[in-house]
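Below: final.cif (mmCIF, C-alpha atoms)
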data_work
loop_
_atom_site.label_atom_id
_atom_site.label_comp_id
_atom_site.auth_asym_id
_atom_site.auth_seq_id
_atom_site.Cartn_x
_atom_site.Cartn_y
_atom_site.Cartn_z
CA MET Y 18 134.52 74.70 82.74
CA GLN Y 19 133.11 76.89 79.99
CA ALA Y 20 134.02 80.58 80.00
CA THR Y 21 131.26 82.73 81.44
CA ASP Y 22 129.22 84.76 79.02
CA TRP Y 23 129.11 87.99 81.05
CA ALA Y 24 126.77 89.74 78.63
CA GLN Y 25 124.24 86.95 79.20
CA ALA Y 26 124.86 87.05 82.95
CA PHE Y 27 124.19 90.80 83.22
CA SER Y 28 121.14 90.53 80.99
CA ILE Y 29 119.80 87.82 83.34
CA VAL Y 30 120.35 90.11 86.34
CA GLY Y 31 118.80 93.13 84.62
CA GLY Y 32 115.88 91.14 83.24
CA GLY Y 33 115.30 89.29 86.50
CA LEU Y 34 115.28 92.38 88.70
CA THR Y 35 113.05 94.23 86.25
CA ALA Y 36 110.63 91.30 86.06
CA VAL Y 37 110.43 90.95 89.85
CA PHE Y 38 109.88 94.70 90.42
CA ILE Y 39 107.35 95.04 87.59
CA ILE Y 40 105.31 92.03 88.71
CA MET Y 41 105.37 93.05 92.35
CA SER Y 42 104.41 96.64 91.42
CA LEU Y 43 101.52 95.35 89.31
CA LEU Y 44 100.39 93.16 92.19
CA ALA Y 45 100.64 96.15 94.55
CA LEU Y 46 98.54 98.28 92.19
CA ALA Y 47 95.98 95.55 91.57
CA THR Y 48 95.64 94.88 95.30
CA HIS Y 49 95.42 98.61 96.06
CA PHE Y 50 92.62 99.20 93.56
CA MET Y 51 90.86 96.01 94.60
CA GLY Y 52 90.93 97.31 98.18
CA LYS Y 53 89.56 100.71 97.10
CA ILE Y 54 86.67 99.08 95.23
CA PHE Y 55 85.74 96.88 98.17
CA ILE Y 56 86.05 99.70 100.71
CA ASN Y 57 83.74 101.87 98.57
CA LEU Y 58 81.29 98.99 98.18
CA GLU Y 59 81.25 98.49 101.94
CA LYS Y 60 80.69 102.23 102.46
CA ARG Y 61 77.80 102.26 99.97
CA LYS Y 62 76.24 99.24 101.61
CA ALA Y 63 76.46 100.93 105.00
CA GLN Y 64 75.00 104.18 103.60
CA ASN Y 65 72.14 102.31 101.88
CA ALA Y 66 71.41 100.42 105.09
CA GLU Y 67 71.37 103.71 107.03
CA ALA Y 68 69.14 105.36 104.42
CA SER Y 69 66.66 102.48 104.43
CA GLU Y 70 66.55 102.52 108.24
CA GLU Y 71 65.90 106.27 108.21
CA ALA Y 72 63.16 105.82 105.61
CA LYS Y 73 61.53 103.16 107.77
CA SER Y 74 61.61 105.33 110.87
CA MET X 94 136.84 23.21 106.14
CA SER X 95 139.99 24.09 108.04
CA LEU X 96 139.95 26.76 110.71
CA ILE X 97 142.07 29.04 108.49
CA GLN X 98 139.68 28.67 105.54
CA TYR X 99 136.73 29.38 107.86
CA HIS X 100 138.51 32.43 109.27
CA GLU X 101 139.29 33.72 105.76
CA GLY X 102 135.67 33.17 104.74
CA VAL X 103 134.38 35.16 107.70
CA LEU X 104 136.82 37.98 106.95
CA LYS X 105 135.69 38.02 103.33
CA ILE X 106 132.03 38.28 104.38
CA LEU X 107 132.94 40.99 106.86
CA ASN X 108 134.81 42.90 104.19
CA VAL X 109 132.01 42.72 101.67
CA GLN X 110 128.89 42.97 103.78
CA VAL X 111 129.73 44.70 107.04
CA GLY X 112 129.36 48.44 106.99
CA PHE X 113 132.31 49.18 109.28
CA ALA X 114 134.75 47.66 106.80
CA ASN X 115 133.43 49.98 104.09
CA LEU X 116 133.24 53.17 106.10
CA ASP X 117 135.68 55.85 104.93
CA LEU X 118 136.52 59.30 106.27
CA PRO X 119 134.28 61.40 103.96
CA HIS X 120 131.25 59.27 104.89
CA VAL X 121 132.11 59.53 108.59
CA ILE X 122 132.30 63.34 108.24
CA MET X 123 128.89 63.44 106.53
CA ILE X 124 127.38 61.23 109.24
CA LEU X 125 128.77 63.65 111.84
CA VAL X 126 127.28 66.59 109.92
CA GLY X 127 123.94 64.76 109.91
CA LEU X 128 124.22 64.24 113.66
CA GLY X 129 125.03 67.95 114.00
CA PHE X 130 121.81 68.85 112.18
CA ILE X 131 119.80 66.52 114.41
CA THR X 132 121.43 68.08 117.49
CA LEU X 133 120.61 71.61 116.31
CA ALA X 134 117.02 70.57 115.62
CA ILE X 135 116.53 68.94 119.02
CA LYS X 136 118.66 71.13 121.30
CA LYS X 137 118.20 74.55 119.68
CA GLU X 138 114.90 73.83 117.92
CA TRP X 139 116.33 75.39 114.74
CA GLU X 140 113.84 74.57 111.97
CA PRO X 141 113.31 71.10 113.53
CA TYR X 142 110.73 70.00 110.97
CA GLU X 143 113.34 70.43 108.26
CA LEU X 144 116.75 69.93 109.86
CA LEU X 145 115.86 66.74 111.75
CA PRO X 146 114.73 64.71 108.71
CA ILE X 147 117.51 66.26 106.59
CA GLY X 148 120.07 65.12 109.19
CA ALA X 149 118.51 61.66 109.34
CA GLY X 150 118.46 61.38 105.54
CA MET X 151 122.10 62.48 105.43
CA ILE X 152 123.12 59.76 107.90
CA LEU X 153 121.14 57.06 106.09
CA ALA X 154 122.58 58.05 102.72
CA ASN X 155 126.15 57.91 104.01
CA LEU X 156 125.99 54.57 105.79
CA PRO X 157 127.70 52.10 103.48
CA LEU X 158 126.10 49.15 101.69
CA THR X 159 122.50 49.99 102.61
CA GLY X 160 121.26 50.38 99.03
CA LEU X 161 118.76 52.94 100.34
CA THR X 162 119.76 55.55 97.76
CA THR X 163 119.80 53.17 94.77
CA GLN X 164 117.53 54.82 92.23
CA PRO X 165 115.12 52.89 90.02
CA ALA X 166 116.63 52.40 86.56
CA PRO X 167 115.91 50.30 83.48
CA GLY X 168 117.43 46.85 83.97
CA LEU X 169 117.47 47.07 87.74
CA ALA X 170 115.95 43.98 89.28
CA PRO X 171 112.55 44.51 90.96
CA GLY X 172 112.85 45.48 94.61
CA MET X 173 116.48 46.57 94.25
CA ALA X 174 115.78 50.31 94.33
CA GLY X 175 116.04 51.89 97.78
CA VAL X 176 113.25 53.92 99.30
CA LEU X 177 115.37 57.07 99.43
CA GLY X 178 116.44 56.48 95.82
CA ILE X 179 112.77 56.28 94.81
CA ILE X 180 112.01 59.56 96.65
CA LEU X 181 115.01 61.20 95.02
CA LYS X 182 114.23 60.02 91.52
CA TYR X 183 110.50 60.58 91.38
CA GLY X 184 110.03 63.28 94.01
CA LEU X 185 112.99 65.47 93.20
CA TYR X 186 115.07 64.69 90.13
CA THR X 187 112.68 63.37 87.46
CA TRP X 188 109.29 64.80 88.33
CA THR X 189 110.15 67.40 91.00
CA ILE X 190 106.64 67.32 92.42
CA LEU X 191 107.36 67.47 96.14
CA PRO X 192 108.29 71.21 96.43
CA GLN X 193 105.07 72.14 94.64
CA PHE X 194 102.93 70.30 97.17
CA ILE X 195 104.85 71.96 99.99
CA PHE X 196 103.93 75.30 98.39
CA PHE X 197 100.31 74.14 98.23
CA GLY X 198 100.37 73.53 101.99
CA ILE X 199 102.14 76.84 102.65
CA GLY X 200 99.46 78.63 100.63
CA ALA X 201 96.77 76.99 102.74
CA LEU X 202 98.61 78.08 105.89
CA THR X 203 99.28 81.67 104.80
CA ASP X 204 97.10 84.62 105.65
CA PHE X 205 97.73 87.30 103.02
CA SER X 206 95.58 89.90 104.85
CA PRO X 207 98.57 92.00 106.06
CA LEU X 208 99.76 92.23 102.46
CA ILE X 209 96.31 93.01 101.05
CA ALA X 210 95.83 95.73 103.70
CA ASN X 211 99.20 97.28 102.88
CA PRO X 212 100.03 96.58 99.20
CA ARG X 213 103.23 98.65 99.18
CA ALA X 214 104.76 95.76 101.14
CA PHE X 215 105.00 94.05 97.74
CA LEU X 216 107.85 96.42 96.90
CA LEU X 217 109.79 95.41 100.01
CA GLY X 218 109.28 91.78 98.99
CA ALA X 219 110.76 92.66 95.60
CA ALA X 220 113.74 94.60 97.00
CA ALA X 221 114.80 91.68 99.18
CA GLN X 222 115.28 89.56 96.04
CA VAL X 223 118.33 91.68 95.08
CA GLY X 224 120.48 89.23 97.05
CA ILE X 225 119.57 86.46 94.61
CA TYR X 226 121.07 88.34 91.68
CA THR X 227 124.11 89.55 93.61
CA SER X 228 125.05 86.01 94.55
CA PHE X 229 124.32 84.84 91.03
CA LEU X 230 127.02 87.26 89.80
CA GLY X 231 129.26 86.31 92.74
CA ALA X 232 129.04 82.63 91.83
CA LEU X 233 130.06 83.40 88.26
CA ALA X 234 132.89 85.67 89.44
CA ILE X 235 134.45 82.76 91.35
CA GLY X 236 135.39 81.31 87.97
CA LEU X 237 137.49 84.41 87.25
CA LEU X 238 139.49 83.99 90.46
CA VAL X 239 139.81 80.19 90.54
CA PRO X 240 138.82 78.72 87.16
CA ASP X 241 138.64 75.13 88.49
CA TRP X 242 136.07 76.14 91.10
CA GLY X 243 133.90 78.16 88.74
CA PHE X 244 130.16 77.64 88.48
CA SER X 245 128.08 77.36 85.32
CA ILE X 246 125.24 79.86 84.75
CA LYS X 247 122.63 77.26 85.76
CA GLU X 248 124.55 76.48 88.96
CA ALA X 249 124.87 80.22 89.66
CA CYS X 250 121.07 80.61 89.33
CA SER X 251 120.60 77.76 91.82
CA ILE X 252 123.06 79.29 94.28
CA GLY X 253 121.55 82.77 93.94
CA ILE X 254 118.05 81.52 94.71
CA ILE X 255 119.22 80.56 98.23
CA GLY X 256 119.04 84.33 98.90
CA GLY X 257 115.26 84.16 98.66
CA ALA X 258 115.43 82.16 101.92
CA ASP X 259 112.67 79.99 100.57
CA GLY X 260 113.27 76.23 100.82
CA PRO X 261 110.73 74.90 98.29
CA THR X 262 111.68 77.52 95.67
CA THR X 263 115.35 76.67 96.13
CA ILE X 264 114.67 72.94 95.84
CA TYR X 265 112.44 73.28 92.80
CA THR X 266 114.75 75.66 90.92
CA THR X 267 117.90 73.70 91.71
CA GLY X 268 116.18 70.38 90.98
CA LEU X 269 115.55 71.52 87.43
CA LEU X 270 118.69 73.58 86.79
CA ALA X 271 121.51 71.90 88.75
CA PRO X 272 120.23 68.78 90.54
CA HIS X 273 123.75 67.73 91.57
CA ILE X 274 123.94 70.65 94.05
CA MET X 275 120.31 70.49 95.20
CA GLY X 276 121.07 68.93 98.56
CA ILE X 277 123.55 71.59 99.54
CA THR X 278 121.52 74.58 98.26
CA ALA X 279 118.37 73.32 100.02
CA THR X 280 120.24 72.68 103.25
CA ALA X 281 121.82 76.14 103.03
CA ALA X 282 118.41 77.77 102.49
CA TYR X 283 116.84 75.99 105.47
CA SER X 284 119.91 76.55 107.67
CA TYR X 285 119.97 80.28 106.99
CA MET X 286 116.22 80.45 107.61
CA ALA X 287 116.93 78.85 110.98
CA MET X 288 119.66 81.41 111.68
CA VAL X 289 117.59 84.50 110.84
CA ALA X 290 117.84 85.66 114.46
CA ILE X 291 121.65 85.65 114.20
CA ILE X 292 122.08 86.92 110.64
CA GLN X 293 119.54 89.73 110.30
CA PRO X 294 119.84 91.93 113.45
CA PRO X 295 123.47 93.02 112.85
CA ILE X 296 122.64 93.96 109.25
CA ILE X 297 119.56 95.92 110.33
CA ASN X 298 121.55 97.69 113.07
CA LEU X 299 124.34 98.51 110.62
CA LEU X 300 122.05 100.07 108.04
CA THR X 301 119.63 101.99 110.26
CA SER X 302 120.00 104.66 112.93
CA LYS X 303 118.48 104.31 116.39
CA THR X 304 115.92 107.01 115.49
CA GLU X 305 114.87 105.09 112.39
CA ARG X 306 114.48 101.86 114.38
CA GLN X 307 112.37 103.71 116.95
CA THR X 308 109.89 104.94 114.33
CA TYR X 309 106.43 104.28 115.71
CA MET X 310 103.76 102.80 113.46
CA LYS X 311 100.11 102.34 114.37
CA PRO X 312 99.75 98.67 115.26
CA MET X 313 96.51 98.00 113.39
CA LEU X 314 96.08 97.58 109.64
CA ARG X 315 92.68 98.04 108.01
CA PRO X 316 90.35 95.02 108.19
CA VAL X 317 90.32 92.96 104.98
CA SER X 318 87.00 91.60 103.75
CA ARG X 319 86.50 87.94 102.86
CA ALA X 320 85.77 88.89 99.24
CA GLU X 321 89.20 90.54 98.97
CA ARG X 322 90.91 87.52 100.50
CA VAL X 323 89.18 85.22 98.03
CA LEU X 324 89.86 87.43 95.03
CA PHE X 325 93.52 88.06 95.87
CA PRO X 326 94.93 84.59 95.03
CA ILE X 327 92.98 84.53 91.75
CA VAL X 328 94.12 88.00 90.63
CA ALA X 329 97.73 87.39 91.75
CA MET X 330 97.84 83.99 90.06
CA LEU X 331 96.61 85.44 86.76
CA ILE X 332 99.04 88.40 86.79
CA ILE X 333 102.12 86.41 87.77
CA ILE X 334 101.58 83.33 85.62
CA LEU X 335 100.61 85.30 82.52
CA LEU X 336 103.87 87.29 82.84
CA ILE X 337 106.19 84.47 84.03
CA PRO X 338 104.56 81.18 82.99
CA LYS X 339 107.41 79.06 84.40
CA SER X 340 106.58 80.29 87.89
CA ALA X 341 103.23 78.47 87.66
CA PRO X 342 104.32 75.27 89.43
CA LEU X 343 105.27 77.30 92.50
CA VAL X 344 103.05 80.39 92.41
CA GLY X 345 100.07 78.45 91.06
CA PHE X 346 100.21 75.90 93.86
CA LEU X 347 100.87 78.53 96.55
CA LEU X 348 97.87 80.58 95.54
CA LEU X 349 95.69 77.54 94.89
CA GLY X 350 96.33 76.43 98.48
CA ASN X 351 95.44 79.95 99.62
CA LEU X 352 92.23 79.93 97.59
CA PHE X 353 91.24 76.66 99.31
CA ARG X 354 91.83 78.37 102.66
CA GLU X 355 90.01 81.61 101.94
CA SER X 356 87.08 80.22 99.97
CA GLY X 357 85.70 78.75 103.18
CA VAL X 358 83.78 76.10 101.25
CA VAL X 359 86.41 73.34 101.11
CA GLU X 360 87.37 73.34 104.76
CA ARG X 361 88.33 69.66 104.81
CA LEU X 362 90.64 70.06 101.81
CA SER X 363 92.18 73.18 103.30
CA GLN X 364 92.75 71.44 106.62
CA THR X 365 94.31 68.46 104.84
CA ALA X 366 96.65 70.76 102.92
CA GLN X 367 97.59 72.59 106.14
CA ASN X 368 98.19 69.44 108.16
CA GLU X 369 98.39 65.90 106.79
CA LEU X 370 99.51 66.72 103.25
CA ILE X 371 102.23 69.21 104.18
CA ASN X 372 103.45 66.91 106.96
CA ILE X 373 103.73 63.86 104.70
CA ILE X 374 105.40 65.85 101.93
CA THR X 375 107.78 67.45 104.46
CA ILE X 376 108.92 64.01 105.63
CA LEU X 377 109.49 62.79 102.05
CA LEU X 378 111.09 66.01 100.82
CA MET X 379 113.45 66.54 103.73
CA LEU X 380 114.55 62.89 103.83
CA GLY X 381 115.16 63.19 100.09
CA ILE X 382 117.21 66.36 100.55
CA GLY X 383 119.32 64.67 103.22
CA ALA X 384 119.72 61.61 101.01
CA SER X 385 120.88 63.76 98.10
CA MET X 386 124.08 64.49 100.01
CA PRO X 387 126.32 61.44 99.85
CA ALA X 388 129.93 62.24 100.72
CA GLU X 389 131.15 61.82 97.14
CA LYS X 390 128.87 64.69 96.03
CA VAL X 391 129.38 67.04 98.97
CA MET X 392 133.08 66.64 99.83
CA ASP X 393 134.18 69.28 97.40
CA PRO X 394 135.70 72.72 98.11
CA ARG X 395 132.90 74.19 95.99
CA THR X 396 130.39 73.12 98.64
CA LEU X 397 131.85 75.67 101.04
CA LEU X 398 131.62 78.29 98.29
CA VAL X 399 127.94 77.46 97.78
CA LEU X 400 127.34 77.90 101.52
CA PHE X 401 129.25 81.19 101.55
CA LEU X 402 127.49 82.57 98.46
CA GLY X 403 124.11 81.52 99.84
CA LEU X 404 124.84 83.35 103.07
CA ALA X 405 125.98 86.40 101.10
CA ALA X 406 122.74 86.29 99.09
CA PHE X 407 120.70 86.19 102.29
CA CYS X 408 122.67 89.10 103.83
CA VAL X 409 122.48 91.24 100.68
CA GLY X 410 118.75 90.50 100.38
CA THR X 411 118.21 91.66 103.97
CA GLY X 412 120.33 94.77 103.37
CA ALA X 413 118.57 95.63 100.11
CA GLY X 414 115.22 95.29 101.84
CA VAL X 415 116.28 97.65 104.63
CA ILE X 416 117.71 100.21 102.18
CA PHE X 417 114.49 100.10 100.16
CA GLY X 418 112.61 100.51 103.43
CA LYS X 419 114.62 103.67 104.10
CA ILE X 420 113.71 105.00 100.65
CA MET X 421 110.04 104.24 101.29
CA ALA X 422 110.25 105.96 104.67
CA LYS X 423 111.47 109.14 102.93
CA PHE X 424 108.45 109.22 100.60
CA SER X 425 105.84 107.91 103.00
CA LYS X 426 103.19 110.30 104.37
CA ASP X 427 102.77 108.25 107.54
CA PRO X 428 105.70 107.23 109.76
CA PHE X 429 107.37 104.16 108.26
CA ASN X 430 109.89 101.96 110.07
CA PRO X 431 112.61 100.95 107.56
CA MET X 432 113.38 97.75 109.49
CA LEU X 433 110.29 96.31 107.79
CA GLY X 434 112.39 95.89 104.63
CA ALA X 435 114.36 93.09 106.31
CA ALA X 436 111.17 91.05 106.48
CA GLY X 437 111.07 91.00 102.67
CA VAL X 438 113.11 87.79 102.61
CA SER X 439 110.66 84.93 102.63
CA ALA X 440 111.70 83.27 105.89
CA VAL X 441 108.10 83.21 107.16
CA PRO X 442 107.42 84.10 109.94
CA MET X 443 110.90 84.30 111.47
CA SER X 444 111.96 87.50 109.68
CA ALA X 445 108.72 89.23 110.65
CA ARG X 446 109.21 88.16 114.26
CA ILE X 447 112.78 89.48 114.30
CA VAL X 448 111.66 92.87 112.97
CA HIS X 449 108.82 92.96 115.51
CA HIS X 450 111.18 92.02 118.33
CA MET X 451 113.75 94.64 117.31
CA GLY X 452 110.97 97.21 117.00
CA GLN X 453 109.93 96.55 120.59
CA GLN X 454 113.52 96.63 121.81
CA ASN X 455 113.94 100.12 120.36
CA ASN X 456 110.49 101.48 121.18
CA LYS X 457 108.29 99.62 123.64
CA ARG X 458 105.13 101.13 122.11
CA ASN X 459 105.87 99.59 118.73
CA PHE X 460 103.98 96.50 117.61
CA LEU X 461 105.30 95.78 114.12
CA LEU X 462 104.32 92.13 113.65
CA MET X 463 101.36 92.69 111.34
CA HIS X 464 103.27 95.34 109.36
CA ALA X 465 106.20 92.92 108.95
CA MET X 466 104.04 89.99 107.88
CA GLY X 467 103.12 91.91 104.70
CA PRO X 468 106.64 92.07 103.23
CA ASN X 469 107.34 88.61 104.62
CA VAL X 470 104.59 86.91 102.60
CA ALA X 471 105.37 89.20 99.64
CA GLY X 472 108.90 87.77 99.80
CA VAL X 473 107.50 84.26 99.25
CA ILE X 474 105.82 85.46 96.06
CA GLY X 475 108.94 87.47 95.05
CA SER X 476 111.32 84.54 95.36
CA ALA X 477 108.92 82.24 93.48
CA VAL X 478 108.81 84.84 90.68
CA ALA X 479 112.62 85.06 90.66
CA GLY X 480 112.86 81.24 90.53
CA GLY X 481 110.29 81.13 87.72
CA TYR X 482 112.29 83.74 85.79
CA PHE X 483 115.46 81.60 86.02
CA LEU X 484 113.54 78.52 84.90
CA GLY X 485 112.01 80.39 81.98
CA LEU X 486 115.51 81.09 80.66
CA PHE X 487 116.65 77.49 80.55
CA ILE X 488 113.75 75.06 80.82
CA ASN X 489 111.17 74.25 78.17
CA PHE X 490 108.23 72.21 79.37
#

Now, as a test, write the supplied structure out as structure tokens.
Amino acid sequence: MQATDWAQAFSIVGGGLTAVFIIMSLLALATHFMGKIFINLEKRKAQNAEASEEAKS
Amino acid sequence: MSLIQYHEGVLKILNVQVGFANLDLPHVIMILVGLGFITLAIKKEWEPYELLPIGAGMILANLPLTGLTTQPAPGLAPGMAGVLGIILKYGLYTWTILPQFIFFGIGALTDFSPLIANPRAFLLGAAAQVGIYTSFLGALAIGLLVPDWGFSIKEACSIGIIGGADGPTTIYTTGLLAPHIMGITATAAYSYMAMVAIIQPPIINLLTSKTERQTYMKPMLRPVSRAERVLFPIVAMLIIILLIPKSAPLVGFLLLGNLFRESGVVERLSQTAQNELINIITILLMLGIGASMPAEKVMDPRTLLVLFLGLAAFCVGTGAGVIFGKIMAKFSKDPFNPMLGAAGVSAVPMSARIVHHMGQQNNKRNFLLMHAMGPNVAGVIGSAVAGGYFLGLFINF
């Protein structure tokens, strides 16, 4: 059994945790902003539909 | 031929060809373990789709003289390789394609809407991966205490990944980093997934107060449009794979399966991935996992250590999720139940169900299932990212 390289081991832990948290945070942000864009689009669509109905009437 | 010669001849045949004459104690123990798995699957319905074929594969692999686990090799006469050996060699050890197709089916089965509606659940899915790294260090520390039982760094990565509570990720990562312990790590991952209802509640109770567990959350999340559901797998795939390319075999297939589901234009393909494909691959993969545990590989004190470290990883992951949930509750504008953090391990949907059930036990008005599904599916992505990170360190393909 080879002796453990503890410096490598701790760098794997540090790097791994950082990578997981960064990627998941980026996904959270991307999903959040994607949601905002789509909610606004839906709102605009609804407003436009309302406005066109009002114009018709 | 005299009667004595005939008798000796029969005995010789019996000795060489009859299984009973070649059965030894370690194989008997493994056959009993296989029977135990089958019993748990049938009687308790603990992960029956996984534990039943694993148990059957374990029994078949430990019956003597069957040749079922003989792997194809250069020089081996045609027809001499066993069916389980072929599954092991091509499905798991050499090409490792089976876990990826399982992920494809899981993607087609998964509804990411609860996660898209509540993106902060991604952070709970990340926090629950802490167990992976704790057990990784624990596995290496064993070598300090008992040098003969120590694990290499690659083995430690494979043991740590059990903490993600994700079978295919565990199988894929171990298959590439430490194939000799794949059977035991995969079995540990599936067994702990089956025991979520026993493992998680005490940890949640220990780390949260009654008031915290009673925290009421509105049951409904915002509706998610089809466009968001279609765009999500594409955006997530690009972000994850561009940052951790080695996670592509898992994350890519998971999100590809989900894109098939959400696109709505390849219904037949999506249905095939959700049903026939995942069922066929489950049979092959689980039989292969069972067959990868012949007594000579498993009867080792280190096997118990792997099981213990895997359990520790799962417990620490649950605990880390809950603690992160408590931190989020402190900063959240709306009431936030910290138990949701426990659902960050990727035992889908069992962890979410446990959190929901505990939520109702503590406050009958609470309906946490949809809230818990968010971190639960985030955990699947989180553990695949963690597995991809380990692979990126050691594998070049």

>> Which residues are close to segment 30-44 of chain Y, i.e. within 9 Å by all atoms listed in the file, leaving aside same-chain residues fewer than 2 positions away? Reply as a PyMOL selection string.
In response: (chain Y and resi 25-28+46-49) or (chain X and resi 212-213+215-216+218-220+222-223+226-227+229-230+328-329+332-333+336-337+471+474-476+478-479+482-483)

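Pairwise distance (atom CA of Gly410 of chain X, atom CA of Val438 of chain X) equals 6.6 Å.
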
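For the file shown, the residue list from the PyMOL selection byres ((chain X and resi 439) around 9) reads Gly218, Ala221, Gly257, Ala258, Asp259, Met286, Ala436, Gly437, Val438, Ala440, Val441, Pro442, Met443, Ser444, Pro468, Asn469, Val470, Ala471, Gly472, Val473, Ile474, Gly475 and Ser476 of chain X.
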
Using C-alpha atoms, can you export the residues from the last selection as a PDB file, in the frame of the given file?
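Once written, out06.pdb looks like this:
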ATOM      1  CA  GLY X 218     109.280  91.780  98.990  1.00  0.00           C
ATOM      2  CA  ALA X 221     114.800  91.680  99.180  1.00  0.00           C
ATOM      3  CA  GLY X 257     115.260  84.160  98.660  1.00  0.00           C
ATOM      4  CA  ALA X 258     115.430  82.160 101.920  1.00  0.00           C
ATOM      5  CA  ASP X 259     112.670  79.990 100.570  1.00  0.00           C
ATOM      6  CA  MET X 286     116.220  80.450 107.610  1.00  0.00           C
ATOM      7  CA  ALA X 436     111.170  91.050 106.480  1.00  0.00           C
ATOM      8  CA  GLY X 437     111.070  91.000 102.670  1.00  0.00           C
ATOM      9  CA  VAL X 438     113.110  87.790 102.610  1.00  0.00           C
ATOM     10  CA  ALA X 440     111.700  83.270 105.890  1.00  0.00           C
ATOM     11  CA  VAL X 441     108.100  83.210 107.160  1.00  0.00           C
ATOM     12  CA  PRO X 442     107.420  84.100 109.940  1.00  0.00           C
ATOM     13  CA  MET X 443     110.900  84.300 111.470  1.00  0.00           C
ATOM     14  CA  SER X 444     111.960  87.500 109.680  1.00  0.00           C
ATOM     15  CA  PRO X 468     106.640  92.070 103.230  1.00  0.00           C
ATOM     16  CA  ASN X 469     107.340  88.610 104.620  1.00  0.00           C
ATOM     17  CA  VAL X 470     104.590  86.910 102.600  1.00  0.00           C
ATOM     18  CA  ALA X 471     105.370  89.200  99.640  1.00  0.00           C
ATOM     19  CA  GLY X 472     108.900  87.770  99.800  1.00  0.00           C
ATOM     20  CA  VAL X 473     107.500  84.260  99.250  1.00  0.00           C
ATOM     21  CA  ILE X 474     105.820  85.460  96.060  1.00  0.00           C
ATOM     22  CA  GLY X 475     108.940  87.470  95.050  1.00  0.00           C
ATOM     23  CA  SER X 476     111.320  84.540  95.360  1.00  0.00           C
TER      24      SER X 476
END

>> Neighbouring residues of segment 423-425 of chain X were defined as those with any atom within 12 Å, considering only C-alpha atoms; residues of the same chain fewer than 6 positions away were excluded. Please report them as a ChimeraX atom specification.
In response: /X:213,305,310,416-417,431

> So what does the PyMOL selection byres ((chain X and resi 153) around 10) actually pick up in this one, as number ranges by chain?
Replying inline: X: 124, 127, 147-152, 154-157, 159-162, 177, 380, 383-384, 387

> Using all atoms listed in the file, which residues sit within 8 Å of segment 321-325 of chain X once same-chain residues fewer than 2 positions away are excluded, as number ranges by chain?
Replying inline: Y: 48, 51-52, 55; X: 205-206, 209, 317-319, 327-329, 352, 355-356

Can you write just those residues out, C-alpha atoms, as a CSV table (one decimal), in the frame of the given file?
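And here's part09.csv as it stands now:
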chain,number,residue,atom,x,y,z
Y,48,THR,CA,95.6,94.9,95.3
Y,51,MET,CA,90.9,96.0,94.6
Y,52,GLY,CA,90.9,97.3,98.2
Y,55,PHE,CA,85.7,96.9,98.2
X,205,PHE,CA,97.7,87.3,103.0
X,206,SER,CA,95.6,89.9,104.8
X,209,ILE,CA,96.3,93.0,101.0
X,317,VAL,CA,90.3,93.0,105.0
X,318,SER,CA,87.0,91.6,103.8
X,319,ARG,CA,86.5,87.9,102.9
X,327,ILE,CA,93.0,84.5,91.8
X,328,VAL,CA,94.1,88.0,90.6
X,329,ALA,CA,97.7,87.4,91.8
X,352,LEU,CA,92.2,79.9,97.6
X,355,GLU,CA,90.0,81.6,101.9
X,356,SER,CA,87.1,80.2,100.0

>> So the first atom is atom CA of Ala20 of chain Y and the second is atom CA of Glu248 of chain X; what is the distance between them in Å, to one decimal place?
In response: 13.7 Å

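Once the PyMOL selection byres ((chain X and resi 429) around 9) is applied to this file, the selection holds X:Glu305, X:Thr308, X:Tyr309, X:Met310, X:Gly418, X:Lys419, X:Met421, X:Ala422, X:Lys423, X:Ser425, X:Lys426, X:Asp427, X:Pro428, X:Asn430, X:Pro431, X:Met432, X:Leu433.
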
Output of the above residues as a compact mmCIF listing (two decimals), in the frame of the given file, restricted to C-alpha atoms:
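And here's selection.txt as it stands now:
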# COMPACT_ATOMS: atom_id res chain seq x y z
CA GLU X 305 114.87 105.09 112.39
CA THR X 308 109.89 104.94 114.33
CA TYR X 309 106.43 104.28 115.71
CA MET X 310 103.76 102.80 113.46
CA GLY X 418 112.61 100.51 103.43
CA LYS X 419 114.62 103.67 104.10
CA MET X 421 110.04 104.24 101.29
CA ALA X 422 110.25 105.96 104.67
CA LYS X 423 111.47 109.14 102.93
CA SER X 425 105.84 107.91 103.00
CA LYS X 426 103.19 110.30 104.37
CA ASP X 427 102.77 108.25 107.54
CA PRO X 428 105.70 107.23 109.76
CA ASN X 430 109.89 101.96 110.07
CA PRO X 431 112.61 100.95 107.56
CA MET X 432 113.38 97.75 109.49
CA LEU X 433 110.29 96.31 107.79

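Between atom CA of Pro312 of chain X and atom CA of Phe460 of chain X there is a distance of 5.3 Å.
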
> Given the choices X:His450, X:Ala287, X:Ile246, X:Ile420, which gets closest to Leu486 of chain X if the distance is worked out from all atoms listed in the file?
Replying inline: X:Ile246

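Comparing the minimum interatomic distances between chain Y and each of X:Ala445, X:Val358, X:Ala232, X:Met313, counting only C-alpha atoms, we find that X:Ala232 sits nearest.
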
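All residues of protein, DNA or RNA that reach within 8 Å of segment 396-400 of chain X, judged by only C-alpha atoms and not counting those fewer than 2 positions away in the chain, are Ala232, Ile252, Ile277, Thr278, Ala281, Val391, Met392, Asp393, Pro394, Leu402, Gly403 and Leu404 of chain X.
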
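Proximity ranking of Y:Ile29, Y:Ala45, Y:Ala24, Y:Leu58 relative to chain X places Y:Ala45 first, based on only C-alpha atoms.
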